[in-house]
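Student: Sending over start.csv (CSV, C-alpha atoms and all ligand atoms).
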```csv
chain,number,residue,atom,x,y,z
U,1,MET,CA,109.6,120.3,106.8
U,2,ARG,CA,107.3,117.6,107.8
U,3,ARG,CA,109.0,114.5,109.3
U,4,PHE,CA,107.8,111.2,108.1
U,5,ASP,CA,109.1,107.6,107.7
U,6,PHE,CA,109.0,106.5,104.1
U,7,PHE,CA,108.1,102.9,104.7
U,8,CYS,CA,107.9,101.9,101.1
U,9,ARG,CA,111.4,102.9,100.1
U,10,TYR,CA,111.9,99.2,99.2
U,11,MET,CA,108.2,98.2,99.2
U,12,LYS,CA,107.6,95.7,102.0
U,13,LYS,CA,106.6,92.2,100.9
U,14,ILE,CA,103.6,90.7,102.6
U,15,SER,CA,103.4,87.7,100.2
U,16,ASP,CA,104.7,86.9,96.7
U,17,SER,CA,101.8,88.9,95.3
U,18,VAL,CA,101.0,91.5,97.9
U,19,PHE,CA,103.2,94.5,98.9
U,20,TYR,CA,102.8,97.2,101.4
U,21,LEU,CA,103.4,100.8,100.4
U,22,GLY,CA,102.8,103.1,103.3
U,23,ILE,CA,103.9,106.4,104.8
U,24,SER,CA,104.1,107.1,108.5
U,25,ASP,CA,103.2,110.7,109.2
U,26,LYS,CA,104.5,110.9,112.8
U,27,GLU,CA,104.1,114.6,113.0
U,28,ARG,CA,100.5,114.9,112.2
U,29,LYS,CA,98.9,116.3,115.4
U,30,MET,CA,95.2,116.3,114.6
U,31,PHE,CA,92.8,114.1,112.5
U,32,ASP,CA,89.7,115.6,110.9
U,33,GLN,CA,90.9,118.7,112.8
U,34,LEU,CA,88.9,117.1,115.6
U,35,VAL,CA,90.9,114.6,117.6
U,36,PRO,CA,94.5,115.0,118.7
U,37,LEU,CA,96.8,112.2,117.7
U,38,ARG,CA,99.1,110.6,120.2
U,39,GLU,CA,101.8,109.6,117.6
U,40,GLY,CA,100.6,110.7,114.2
U,41,THR,CA,99.2,108.2,111.7
U,42,THR,CA,100.0,106.1,108.6
U,43,TYR,CA,98.5,106.0,105.2
U,44,ASN,CA,98.6,102.5,103.8
U,45,SER,CA,98.5,101.5,100.2
U,46,TYR,CA,98.8,98.0,98.9
U,47,LEU,CA,100.0,96.6,95.6
U,48,VAL,CA,98.5,93.3,94.4
U,49,LYS,CA,100.3,91.6,91.5
U,50,GLY,CA,98.4,89.1,89.4
U,51,ALA,CA,99.7,87.1,86.5
U,52,GLU,CA,98.1,89.5,84.0
U,53,LYS,CA,97.2,92.6,85.9
U,54,ASN,CA,98.2,94.6,88.9
U,55,ALA,CA,96.0,96.5,91.3
U,56,LEU,CA,96.7,99.3,93.8
U,57,ILE,CA,94.4,99.2,96.8
U,58,ASP,CA,93.9,102.8,98.1
U,59,THR,CA,96.5,105.5,97.4
U,60,MET,CA,98.0,108.2,99.5
U,61,TYR,CA,97.4,111.6,101.3
U,62,ALA,CA,98.3,114.5,98.9
U,63,PRO,CA,101.2,116.0,101.0
U,64,PHE,CA,103.2,112.9,100.3
U,65,ALA,CA,102.6,112.8,96.5
U,66,ALA,CA,106.2,113.2,95.4
U,67,GLU,CA,107.5,110.4,97.5
U,68,PHE,CA,104.6,108.0,96.8
U,69,LEU,CA,104.7,108.5,93.1
U,70,ALA,CA,108.5,108.0,93.0
U,71,GLU,CA,108.1,104.7,94.8
U,72,ILE,CA,105.3,103.7,92.5
U,73,LYS,CA,107.6,104.3,89.6
U,74,ALA,CA,110.5,102.5,91.3
U,75,ALA,CA,108.1,99.5,91.9
U,76,ASP,CA,108.2,99.1,88.1
U,77,ALA,CA,104.7,97.6,88.0
U,78,LYS,CA,102.1,98.8,85.6
U,79,ILE,CA,98.9,99.6,87.5
U,80,ASP,CA,95.8,98.3,85.8
U,81,TYR,CA,93.3,98.9,88.6
U,82,ILE,CA,93.2,101.5,91.3
U,83,VAL,CA,90.8,100.2,94.0
U,84,SER,CA,89.3,103.0,96.0
U,85,ASN,CA,87.7,101.5,99.0
U,86,HIS,CA,86.6,104.9,100.2
U,87,ALA,CA,86.9,108.4,98.8
U,88,GLU,CA,88.2,110.3,101.7
U,89,GLN,CA,91.2,112.3,100.6
U,90,ASP,CA,93.7,110.7,102.9
U,91,HIS,CA,93.4,107.6,100.7
U,92,SER,CA,92.1,108.9,97.4
U,93,SER,CA,93.8,112.2,96.7
U,94,LEU,CA,96.5,110.7,94.4
U,95,ILE,CA,94.1,108.9,92.1
U,96,PRO,CA,94.2,111.7,89.5
U,97,ALA,CA,98.0,111.7,89.5
U,98,LEU,CA,98.1,107.9,89.2
U,99,LEU,CA,95.7,108.0,86.3
U,100,GLU,CA,98.1,110.4,84.6
U,101,LEU,CA,101.0,107.9,85.1
U,102,PHE,CA,98.8,105.0,84.0
U,103,PRO,CA,96.3,106.4,81.5
U,104,GLU,CA,94.9,102.9,80.8
U,105,ALA,CA,94.1,102.2,84.5
U,106,GLN,CA,90.5,101.9,85.8
U,107,VAL,CA,89.3,103.0,89.2
U,108,LEU,CA,87.2,100.3,90.9
U,109,CYS,CA,84.9,101.5,93.6
U,110,SER,CA,81.3,101.6,94.9
U,111,ALA,CA,78.6,103.8,93.2
U,112,LYS,CA,78.7,106.3,96.1
U,113,CYS,CA,82.5,106.4,96.0
U,114,ALA,CA,82.4,107.1,92.3
U,115,GLU,CA,80.1,110.1,93.0
U,116,ASN,CA,82.5,111.3,95.8
U,117,LEU,CA,85.6,110.9,93.6
U,118,LYS,CA,84.0,113.0,90.9
U,119,ASN,CA,82.9,115.7,93.4
U,120,MET,CA,86.0,115.8,95.5
U,121,LEU,CA,88.8,115.1,93.0
U,122,GLY,CA,87.2,115.9,89.7
U,123,ALA,CA,87.8,112.3,88.7
U,124,LYS,CA,86.7,111.6,85.1
U,125,PRO,CA,83.7,109.3,85.0
U,126,GLU,CA,85.1,107.3,82.1
U,127,LYS,CA,88.0,106.2,84.2
U,128,ILE,CA,85.7,104.8,86.9
U,129,ARG,CA,84.1,101.4,87.0
U,130,VAL,CA,81.5,100.9,89.6
U,131,VAL,CA,81.6,97.4,91.2
U,132,ALA,CA,78.7,95.6,93.0
U,133,ASP,CA,78.6,93.7,96.2
U,134,LYS,CA,80.4,90.4,95.9
U,135,GLU,CA,81.5,91.2,92.3
U,136,GLU,CA,84.9,89.7,91.4
U,137,VAL,CA,87.7,91.1,89.2
U,138,SER,CA,90.5,88.8,88.1
U,139,LEU,CA,94.1,89.9,88.0
U,140,GLY,CA,95.1,86.5,86.5
U,141,GLY,CA,95.5,83.9,89.2
U,142,LYS,CA,94.4,86.5,91.8
U,143,THR,CA,90.9,87.5,92.4
U,144,LEU,CA,89.5,90.7,94.0
U,145,ARG,CA,86.1,90.4,95.5
U,146,PHE,CA,84.3,93.5,96.8
U,147,TYR,CA,82.0,93.7,99.8
U,148,MET,CA,80.0,96.9,100.2
U,149,ALA,CA,80.4,98.3,103.7
U,150,ALA,CA,78.4,101.4,103.8
U,151,PHE,CA,79.0,103.7,106.8
U,152,ALA,CA,82.3,102.1,107.8
U,153,HIS,CA,82.5,105.1,108.1
U,154,TRP,CA,81.2,106.9,105.0
U,155,PRO,CA,78.3,105.6,102.8
U,156,ASP,CA,80.8,104.9,100.0
U,157,THR,CA,83.0,102.4,101.9
U,158,MET,CA,83.7,98.9,100.6
U,159,PHE,CA,86.1,96.1,101.6
U,160,THR,CA,88.3,94.3,99.1
U,161,TYR,CA,89.0,90.6,99.6
U,162,LEU,CA,91.9,88.9,97.9
U,163,THR,CA,90.4,85.4,97.7
U,164,GLU,CA,93.4,83.2,96.9
U,165,GLU,CA,95.4,84.8,99.8
U,166,ASN,CA,92.5,85.1,102.2
U,167,MET,CA,93.4,88.8,102.8
U,168,LEU,CA,90.8,91.4,103.6
U,169,PHE,CA,91.6,95.1,102.9
U,170,THR,CA,89.2,97.2,105.0
U,171,CYS,CA,90.4,100.8,104.6
U,172,ASP,CA,89.4,102.8,107.7
U,173,PHE,CA,87.6,99.9,109.3
U,174,PHE,CA,89.8,98.2,111.9
U,175,GLY,CA,92.3,101.1,111.4
U,176,ALA,CA,94.4,102.9,114.0
U,177,HIS,CA,96.3,106.1,114.2
U,178,TYR,CA,99.4,104.1,115.2
U,179,THR,CA,103.0,104.4,113.9
U,180,SER,CA,105.0,102.3,116.4
U,181,PHE,CA,105.2,99.3,114.1
U,182,ASP,CA,107.2,97.9,111.3
U,183,LEU,CA,104.5,96.2,109.3
U,184,TYR,CA,102.5,93.8,111.4
U,185,ALA,CA,100.4,94.5,114.5
U,186,ASP,CA,102.1,93.9,117.8
U,187,ASN,CA,98.8,93.5,119.7
U,188,SER,CA,100.1,95.8,122.4
U,189,PRO,CA,98.1,97.9,124.8
U,190,ALA,CA,99.3,101.0,122.9
U,191,LEU,CA,97.9,99.6,119.6
U,192,GLU,CA,94.6,98.7,121.5
U,193,LEU,CA,94.4,102.3,122.7
U,194,ALA,CA,95.1,103.7,119.3
U,195,ALA,CA,92.5,101.5,117.7
U,196,LYS,CA,90.0,102.4,120.5
U,197,SER,CA,90.5,106.1,120.0
U,198,TYR,CA,90.2,105.7,116.2
U,199,TYR,CA,87.0,103.6,116.7
U,200,ALA,CA,85.5,106.3,119.0
U,201,GLU,CA,85.9,109.1,116.6
U,202,ILE,CA,85.4,107.4,113.2
U,203,MET,CA,83.2,104.4,113.8
U,204,MET,CA,81.2,104.9,117.0
U,205,PRO,CA,78.6,107.2,115.3
U,206,PHE,CA,77.9,104.2,113.0
U,207,ALA,CA,78.0,101.4,115.6
U,208,SER,CA,75.1,99.5,114.3
U,209,PHE,CA,76.6,99.4,110.8
U,210,CYS,CA,79.9,98.4,112.4
U,211,ARG,CA,78.4,95.4,114.1
U,212,LYS,CA,77.1,94.2,110.8
U,213,HIS,CA,80.4,94.7,109.0
U,214,LEU,CA,82.3,93.0,111.8
U,215,ALA,CA,80.0,90.0,111.3
U,216,VAL,CA,80.8,90.0,107.6
U,217,ALA,CA,84.5,90.2,108.3
U,218,GLU,CA,84.3,87.4,110.8
U,219,GLN,CA,82.4,85.2,108.4
U,220,ILE,CA,85.0,85.7,105.7
U,221,ASN,CA,87.5,84.6,108.4
U,222,PRO,CA,90.6,86.2,106.7
U,223,ALA,CA,94.1,85.1,107.6
U,224,MET,CA,95.1,88.8,107.5
U,225,VAL,CA,93.3,92.1,107.8
U,226,LEU,CA,95.0,95.0,106.0
U,227,PRO,CA,93.6,98.4,107.0
U,228,SER,CA,94.6,101.8,105.5
U,229,HIS,CA,95.8,103.3,108.8
U,230,GLY,CA,98.1,101.5,111.2
U,231,ALA,CA,99.4,98.0,111.3
U,232,VAL,CA,98.5,94.8,109.3
U,233,TYR,CA,96.8,92.2,111.5
U,234,LYS,CA,98.2,88.7,111.0
U,235,ASP,CA,96.0,87.7,113.9
U,236,PRO,CA,92.6,89.4,113.0
U,237,LYS,CA,91.0,87.9,116.2
U,238,PHE,CA,92.8,90.7,118.2
U,239,ILE,CA,91.0,93.5,116.4
U,240,PHE,CA,87.7,91.5,115.9
U,241,ASP,CA,87.5,90.9,119.7
U,242,LEU,CA,88.0,94.6,120.3
U,243,TYR,CA,85.4,95.6,117.8
U,244,ARG,CA,82.9,93.1,119.3
U,245,LYS,CA,83.4,94.7,122.7
U,246,TRP,CA,83.2,98.3,121.5
U,247,THR,CA,80.1,97.7,119.3
U,248,SER,CA,78.3,95.7,122.0
U,249,THR,CA,74.9,97.0,123.1
U,250,GLU,CA,75.4,95.6,126.6
U,251,VAL,CA,74.9,98.3,129.2
U,252,SER,CA,78.1,98.7,131.2
U,253,GLY,CA,76.8,100.9,134.0
U,254,LYS,CA,79.8,103.3,133.8
U,255,VAL,CA,79.1,106.9,134.8
U,256,LEU,CA,81.3,109.7,133.5
U,257,ILE,CA,81.5,113.0,135.4
U,258,ALA,CA,83.2,115.6,133.1
U,259,TYR,CA,83.7,118.9,134.7
U,260,VAL,CA,85.3,122.4,134.4
U,261,SER,CA,85.9,124.0,137.8
U,262,MET,CA,87.1,127.7,138.0
U,263,TYR,CA,87.8,127.9,141.8
U,264,GLY,CA,87.6,124.2,142.9
U,265,ASN,CA,83.9,124.1,144.0
U,266,THR,CA,82.7,122.1,141.1
U,267,GLU,CA,85.8,119.9,141.3
U,268,THR,CA,85.0,119.2,144.9
U,269,MET,CA,81.5,118.2,143.9
U,270,ALA,CA,82.6,116.0,141.0
U,271,ARG,CA,85.2,114.2,143.1
U,272,ASN,CA,82.7,113.8,146.0
U,273,LEU,CA,80.1,112.4,143.6
U,274,GLU,CA,82.7,110.0,142.0
U,275,LYS,CA,83.5,108.7,145.5
U,276,GLN,CA,79.9,108.3,146.6
U,277,LEU,CA,79.0,106.5,143.4
U,278,GLN,CA,81.9,104.2,143.7
U,279,GLY,CA,80.8,103.6,147.4
U,280,LEU,CA,77.5,102.5,145.9
U,281,GLY,CA,79.2,100.0,143.6
U,282,VAL,CA,78.9,102.2,140.5
U,283,CYS,CA,81.8,102.4,138.1
U,284,ALA,CA,82.2,106.2,138.1
U,285,LYS,CA,85.0,108.3,136.6
U,286,ALA,CA,85.5,112.0,137.0
U,287,ILE,CA,87.4,113.8,134.3
U,288,ASP,CA,88.8,117.3,134.4
U,289,LEU,CA,88.0,118.8,131.0
U,290,MET,CA,90.9,121.2,131.3
U,291,GLU,CA,93.2,118.2,131.3
U,292,ALA,CA,91.5,115.8,128.9
U,293,ASN,CA,91.4,116.2,125.2
U,294,GLU,CA,88.7,115.1,122.7
U,295,ALA,CA,90.3,111.8,121.9
U,296,GLU,CA,90.4,110.8,125.6
U,297,ILE,CA,86.8,111.8,126.1
U,298,ALA,CA,85.7,109.9,123.0
U,299,GLU,CA,87.4,106.8,124.2
U,300,GLU,CA,85.7,107.0,127.6
U,301,LEU,CA,82.3,107.5,125.9
U,302,ILE,CA,82.4,104.1,124.1
U,303,ASP,CA,81.1,102.2,127.1
U,304,ALA,CA,79.6,105.0,129.1
U,305,THR,CA,76.0,104.6,130.3
U,306,GLY,CA,75.5,107.9,132.2
U,307,PHE,CA,77.0,111.3,131.7
U,308,ILE,CA,77.2,114.0,134.4
U,309,PHE,CA,78.1,117.5,133.2
U,310,GLY,CA,79.9,119.4,135.9
U,311,THR,CA,80.4,123.1,135.5
U,312,SER,CA,81.1,126.4,137.3
U,313,CYS,CA,78.9,129.3,136.3
U,314,ILE,CA,80.6,131.7,133.9
U,315,LEU,CA,78.8,134.8,132.6
U,316,ALA,CA,75.5,133.4,133.7
U,317,GLY,CA,75.9,130.0,132.0
U,318,PRO,CA,77.9,126.8,131.9
U,319,HIS,CA,81.6,126.9,130.8
U,320,PRO,CA,81.6,126.9,127.0
U,321,ARG,CA,83.6,123.7,127.0
U,322,LEU,CA,80.6,121.8,128.4
U,323,VAL,CA,78.4,123.2,125.6
U,324,TYR,CA,80.9,122.1,123.0
U,325,LEU,CA,81.1,118.7,124.8
U,326,ALA,CA,77.3,118.3,124.5
U,327,TYR,CA,77.6,118.8,120.8
U,328,LEU,CA,80.6,116.5,120.5
U,329,ILE,CA,78.6,113.8,122.3
U,330,SER,CA,75.7,114.3,120.0
U,331,ILE,CA,77.8,113.7,116.9
U,332,LEU,CA,79.8,110.8,118.3
U,333,LYS,CA,76.5,109.0,119.3
U,334,PRO,CA,77.6,106.9,122.2
U,335,GLN,CA,75.1,104.6,123.8
U,336,LEU,CA,74.3,106.9,126.8
U,337,LYS,CA,71.1,106.2,128.7
U,338,PHE,CA,70.9,109.2,131.0
U,339,TYR,CA,72.5,112.5,131.8
U,340,SER,CA,72.5,115.0,134.6
U,341,LEU,CA,74.4,118.1,135.8
U,342,ILE,CA,76.2,119.3,138.9
U,343,GLY,CA,77.6,122.7,139.4
U,344,SER,CA,78.2,125.7,141.4
U,345,ILE,CA,76.6,129.1,140.8
U,346,GLY,CA,77.9,132.3,142.3
U,347,TRP,CA,75.3,135.1,141.8
U,348,GLY,CA,73.0,133.5,139.3
U,349,GLY,CA,72.6,131.9,135.9
U,350,ASN,CA,71.3,128.9,134.0
U,351,LEU,CA,73.8,126.1,133.8
U,352,LEU,CA,71.7,123.5,132.0
U,353,ALA,CA,69.9,125.2,129.1
U,354,PRO,CA,72.8,125.8,126.8
U,355,ILE,CA,74.0,122.2,127.3
U,356,GLU,CA,70.6,120.8,126.6
U,357,ALA,CA,70.2,122.9,123.5
U,358,ASN,CA,73.2,121.0,122.1
U,359,LEU,CA,72.6,117.5,123.5
U,360,LYS,CA,70.7,115.4,120.9
U,361,ILE,CA,70.7,111.8,121.9
U,362,PRO,CA,67.5,109.9,121.1
U,363,ALA,CA,65.6,108.5,124.2
U,364,ILE,CA,68.3,109.8,126.6
U,365,GLN,CA,66.8,110.2,130.1
U,366,LYS,CA,67.3,113.2,132.4
U,367,ILE,CA,68.1,113.2,136.1
U,368,GLU,CA,67.4,116.5,137.9
U,369,SER,CA,70.5,118.6,138.4
U,370,PHE,CA,72.4,119.1,141.6
U,371,ILE,CA,73.5,122.7,141.9
U,372,VAL,CA,74.8,124.6,144.9
U,373,LYS,CA,75.4,128.3,145.6
U,374,GLY,CA,79.1,129.1,145.9
U,375,ALA,CA,81.3,126.7,147.8
U,376,PRO,CA,79.6,123.4,148.6
U,377,THR,CA,79.0,123.1,152.4
U,378,GLY,CA,79.3,119.9,154.4
U,379,GLY,CA,75.5,119.8,154.2
U,380,ASP,CA,75.6,120.1,150.4
U,381,LEU,CA,78.0,117.2,150.2
U,382,ALA,CA,75.9,115.1,152.5
U,383,ALA,CA,72.9,115.9,150.3
U,384,MET,CA,74.9,114.8,147.3
U,385,GLY,CA,74.6,111.3,148.8
U,386,LYS,CA,70.9,111.3,147.9
U,387,PHE,CA,71.7,112.5,144.4
U,388,ALA,CA,74.3,109.7,144.1
U,389,LYS,CA,71.6,107.2,145.2
U,390,THR,CA,69.3,108.5,142.5
U,391,ILE,CA,72.0,108.0,139.9
U,392,ALA,CA,72.9,104.5,141.2
U,393,ALA,CA,69.2,103.6,141.0
U,394,LYS,CA,69.1,104.8,137.4
U,395,VAL,CA,72.2,102.7,136.5
U,396,ALA,CA,70.5,99.7,138.0
U,397,GLU,CA,67.3,100.4,136.1
U,398,VAL,CA,68.9,100.9,132.7
U,399,SER,CA,71.2,97.9,133.3
U,400,GLY,CA,68.2,95.7,134.0
U,401,LYS,CA,69.5,94.8,137.5
X,501,LIG,FE1,91.2,107.4,106.6
X,501,LIG,FE2,87.8,108.0,106.2
X,501,LIG,O1,89.7,108.2,105.8
```
Now, as a test, write the supplied structure out as structure tokens.
Ligand code: FEO

Tutor:
Amino acid sequence: MRRFDFFCRYMKKISDSVFYLGISDKERKMFDQLVPLREGTTYNSYLVKGAEKNALIDTMYAPFAAEFLAEIKAADAKIDYIVSNHAEQDHSSLIPALLELFPEAQVLCSAKCAENLKNMLGAKPEKIRVVADKEEVSLGGKTLRFYMAAFAHWPDTMFTYLTEENMLFTCDFFGAHYTSFDLYADNSPALELAAKSYYAEIMMPFASFCRKHLAVAEQINPAMVLPSHGAVYKDPKFIFDLYRKWTSTEVSGKVLIAYVSMYGNTETMARNLEKQLQGLGVCAKAIDLMEANEAEIAEELIDATGFIFGTSCILAGPHPRLVYLAYLISILKPQLKFYSLIGSIGWGGNLLAPIEANLKIPAIQKIESFIVKGAPTGGDLAAMGKFAKTIAAKVAEVSGK
């Protein structure tokens, strides 16, 4: 049986009107079947009580239906509105069940979200009320104002702002796959890493939208940010500062060298290149892809400027993990400016073509590969100094230095 902490056993109070209902799914190992999770995740739901009506902001992931619905019943609060900030099923899948419990309730969401809820959950259109940007809904003494936030991270996303309490509910935006908290963010390095990993997989492909939504959130200047994964931020500046750094278009100059080495030759080259680049003042980092997972690679990509694929030759081509990585980079859309390849070939093959066939980054520049036959000799490693200088020069050029 899946292990989880049932946070909302007694519904945690955030204010006299706002309550946290969340489940910590510590045993979840993967998210989107793409990135490994370090410590699982949480699914947050919030109950907002007005003088006349109550609203539930986001719901719960389906595997926890029984527990969540039991707590909703125990809360003894009639739900008048179900706010769906985003239709992805980890937040929306219990909407139909809640509508059975509260047949009078209305779902409030964006137009895109309404479409998704119909397609993904079979939600009945008559139960859904589409809200517009800045539209307000009164609960009686408490007001919900909606901010459309397309591509944070789906086109359907919106934020919900509780005006009287200055609380901003942002769903996935500012979220983290983080479970080591009680209710509020501890602003720890572990939380920063979890939020960074989350940003890299979920938000980085939409960085330009994220910059815009961050500006909106900063302008609202909420006293509290309440995402639908991870902890509640009583000090939003913590997560705002991190998002400002991660969405920045400033060129860092960092060069990643990600390699797979079958017999140590490519590893020797990768480590030599890392050392030579560092000697030239370049921030270079070599990563053994047999030891790093997708989450760690995505985190490193946030501020990477150059990417060097390092591969042995296997069956006349690159190691398949490099081909997969090229595709992963293409969908995560980091702000890479250039790429190249290093590698070792035994008897023959094409290391670059399968990688390039999957690397789709607009305007990315190419630096000629550095490939040796078999084990790199002292002469090869010395020649790598020239290759390192070419890369350092490109870093300087794209950094405007
Ligand atoms: Fe946490 Fe996009 O769902």

Student: Using only C-alpha atoms, which residues sit within 10 Å of Leu273 of chain U once same-chain residues fewer than 6 positions away are excluded, as a ChimeraX atom specification?

Tutor: /U:257,267,279,284-286,308,342,381,384-385,387-388,391

Student: With only C-alpha atoms as the basis for distance, which of U:Leu289, U:Ala223, U:Leu99, U:Ala195 is at the shortest distance from Trp246 of chain U?

Tutor: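 Using only C-alpha atoms, the shortest distance to Trp246 of chain U belongs to U:Ala195.
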
Student: To one decimal place in Å, what is the distance between atom CA of Ala150 of chain U and atom CA of Pro205 of chain U?

Tutor: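 Computing the Euclidean distance for atom CA of Ala150 of chain U and atom CA of Pro205 of chain U yields 12.9 Å.
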
Student: In terms of the shortest atom-to-atom distance over only C-alpha atoms and all ligand atoms, which of U:Ile345, U:Val48, U:Cys171, U:Ala77 is closest to ligand LIG 501 (chain X)?

Tutor: U:Cys171

Student: So which residues touch Ala194 of chain U within 8 Å, counting all atoms listed in the file, skipping near sequence neighbours fewer than 4 positions away, as a PyMOL selection string?

Tutor: chain U and resi 176-178+190+198

Student: Of the candidates U:Gly253, U:Gly378, U:Pro155, U:Pro63, which shows the shortest atom-to-atom distance to ligand LIG 501 (chain X), using only C-alpha atoms and all ligand atoms?

Tutor: U:Pro155

Student: Under the rule that only C-alpha atoms are counted, which of U:Ser261, U:Ile367, U:Val395, U:Phe174 is the nearest residue to Gly281 of chain U?

Tutor: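 For Gly281 of chain U, the nearest of the given residues is U:Val395.
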
Student: Which protein, DNA or RNA residues have an atom within 12 Å of ligand LIG 501 (chain X), counting all atoms listed in the file, as an MDAnalysis selection string?

Tutor: chainID U and resid 31:32 41:45 58:61 84:93 113 150:158 170:177 198:199 201:203 227:230

Student: Print the selection's residues with C-alpha atoms to a file, as an mmCIF file, in the frame of the given file.

Tutor:
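out.cif written:
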```cif
data_model
loop_
_atom_site.group_PDB
_atom_site.id
_atom_site.type_symbol
_atom_site.label_atom_id
_atom_site.label_comp_id
_atom_site.auth_asym_id
_atom_site.auth_seq_id
_atom_site.Cartn_x
_atom_site.Cartn_y
_atom_site.Cartn_z
ATOM 1 C CA PHE U 31 92.800 114.100 112.500
ATOM 2 C CA ASP U 32 89.700 115.600 110.900
ATOM 3 C CA THR U 41 99.200 108.200 111.700
ATOM 4 C CA THR U 42 100.000 106.100 108.600
ATOM 5 C CA TYR U 43 98.500 106.000 105.200
ATOM 6 C CA ASN U 44 98.600 102.500 103.800
ATOM 7 C CA SER U 45 98.500 101.500 100.200
ATOM 8 C CA ASP U 58 93.900 102.800 98.100
ATOM 9 C CA THR U 59 96.500 105.500 97.400
ATOM 10 C CA MET U 60 98.000 108.200 99.500
ATOM 11 C CA TYR U 61 97.400 111.600 101.300
ATOM 12 C CA SER U 84 89.300 103.000 96.000
ATOM 13 C CA ASN U 85 87.700 101.500 99.000
ATOM 14 C CA HIS U 86 86.600 104.900 100.200
ATOM 15 C CA ALA U 87 86.900 108.400 98.800
ATOM 16 C CA GLU U 88 88.200 110.300 101.700
ATOM 17 C CA GLN U 89 91.200 112.300 100.600
ATOM 18 C CA ASP U 90 93.700 110.700 102.900
ATOM 19 C CA HIS U 91 93.400 107.600 100.700
ATOM 20 C CA SER U 92 92.100 108.900 97.400
ATOM 21 C CA SER U 93 93.800 112.200 96.700
ATOM 22 C CA CYS U 113 82.500 106.400 96.000
ATOM 23 C CA ALA U 150 78.400 101.400 103.800
ATOM 24 C CA PHE U 151 79.000 103.700 106.800
ATOM 25 C CA ALA U 152 82.300 102.100 107.800
ATOM 26 C CA HIS U 153 82.500 105.100 108.100
ATOM 27 C CA TRP U 154 81.200 106.900 105.000
ATOM 28 C CA PRO U 155 78.300 105.600 102.800
ATOM 29 C CA ASP U 156 80.800 104.900 100.000
ATOM 30 C CA THR U 157 83.000 102.400 101.900
ATOM 31 C CA MET U 158 83.700 98.900 100.600
ATOM 32 C CA THR U 170 89.200 97.200 105.000
ATOM 33 C CA CYS U 171 90.400 100.800 104.600
ATOM 34 C CA ASP U 172 89.400 102.800 107.700
ATOM 35 C CA PHE U 173 87.600 99.900 109.300
ATOM 36 C CA PHE U 174 89.800 98.200 111.900
ATOM 37 C CA GLY U 175 92.300 101.100 111.400
ATOM 38 C CA ALA U 176 94.400 102.900 114.000
ATOM 39 C CA HIS U 177 96.300 106.100 114.200
ATOM 40 C CA TYR U 198 90.200 105.700 116.200
ATOM 41 C CA TYR U 199 87.000 103.600 116.700
ATOM 42 C CA GLU U 201 85.900 109.100 116.600
ATOM 43 C CA ILE U 202 85.400 107.400 113.200
ATOM 44 C CA MET U 203 83.200 104.400 113.800
ATOM 45 C CA PRO U 227 93.600 98.400 107.000
ATOM 46 C CA SER U 228 94.600 101.800 105.500
ATOM 47 C CA HIS U 229 95.800 103.300 108.800
ATOM 48 C CA GLY U 230 98.100 101.500 111.200
#
```

Student: Check the smallest atom-to-atom distance from each of U:Gln33, U:Gln106, U:Gln335, U:Thr268 to Val398 of chain U using only C-alpha atoms, then report the winner.

Tutor: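 Selected residue with least distance to Val398 of chain U: U:Gln335.
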
Student: Rounded to one decimal in Å, what is the spacing between atom CA of Glu397 of chain U and atom CA of Leu301 of chain U?

Tutor: 19.5 Å

Student: Using only C-alpha atoms, pick whichever of U:Leu47, U:Val323, U:Val251, U:Ala217 has the shortest atom-to-atom distance to Tyr147 of chain U.

Tutor: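 Closest candidate: U:Ala217.
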
Student: Would you work out the distance separating atom CA of Ile72 of chain U from atom CA of Leu56 of chain U, expressed in Å to one decimal?

Tutor: 9.7 Å

Student: Can you find the residues with an atom no farther than 8 Å from (96.0, 94.2, 85.6), counting all atoms listed in the file, and report them as a list of chain:residue names?

Tutor: U:Lys49, U:Gly50, U:Glu52, U:Lys53, U:Asn54, U:Ala55, U:Lys78, U:Ile79, U:Asp80, U:Tyr81, U:Leu139, U:Gly140

Student: Could you name the residues that touch Tyr184 of chain U at 6 Å or less, counting only C-alpha atoms, but leaving out those on the same chain fewer than 3 positions away, as a ChimeraX atom specification?

Tutor: /U:231-233

Student: With a distance cut-off of 12 Å and all atoms listed in the file, select the neighbouring residues of Ala396 of chain U, excluding the residue or stretch itself and same-chain residues fewer than 3 positions from it, and output the selection as a PyMOL selection string.

Tutor: chain U and resi 251-255+280-283+305-306+337-338+389-393+399-401

Student: Which polymer residues have any atom within 12 Å of an atom of Met290 of chain U, counting all atoms listed in the file, with same-chain residues fewer than 2 positions away left out, as a short mmCIF file (atom, residue, chain, number, x, y, z; two decimals) with C-alpha atoms, in the coordinates of the input?

Tutor:
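As a result, around_22.cif now contains:
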```cif
data_model
loop_
_atom_site.label_atom_id
_atom_site.label_comp_id
_atom_site.auth_asym_id
_atom_site.auth_seq_id
_atom_site.Cartn_x
_atom_site.Cartn_y
_atom_site.Cartn_z
CA ALA U 258 83.20 115.60 133.10
CA TYR U 259 83.70 118.90 134.70
CA VAL U 260 85.30 122.40 134.40
CA SER U 261 85.90 124.00 137.80
CA MET U 262 87.10 127.70 138.00
CA GLU U 267 85.80 119.90 141.30
CA ILE U 287 87.40 113.80 134.30
CA ASP U 288 88.80 117.30 134.40
CA ALA U 292 91.50 115.80 128.90
CA ASN U 293 91.40 116.20 125.20
CA GLU U 294 88.70 115.10 122.70
CA GLU U 296 90.40 110.80 125.60
CA ILE U 297 86.80 111.80 126.10
CA THR U 311 80.40 123.10 135.50
CA HIS U 319 81.60 126.90 130.80
CA PRO U 320 81.60 126.90 127.00
CA ARG U 321 83.60 123.70 127.00
CA LEU U 322 80.60 121.80 128.40
#
```
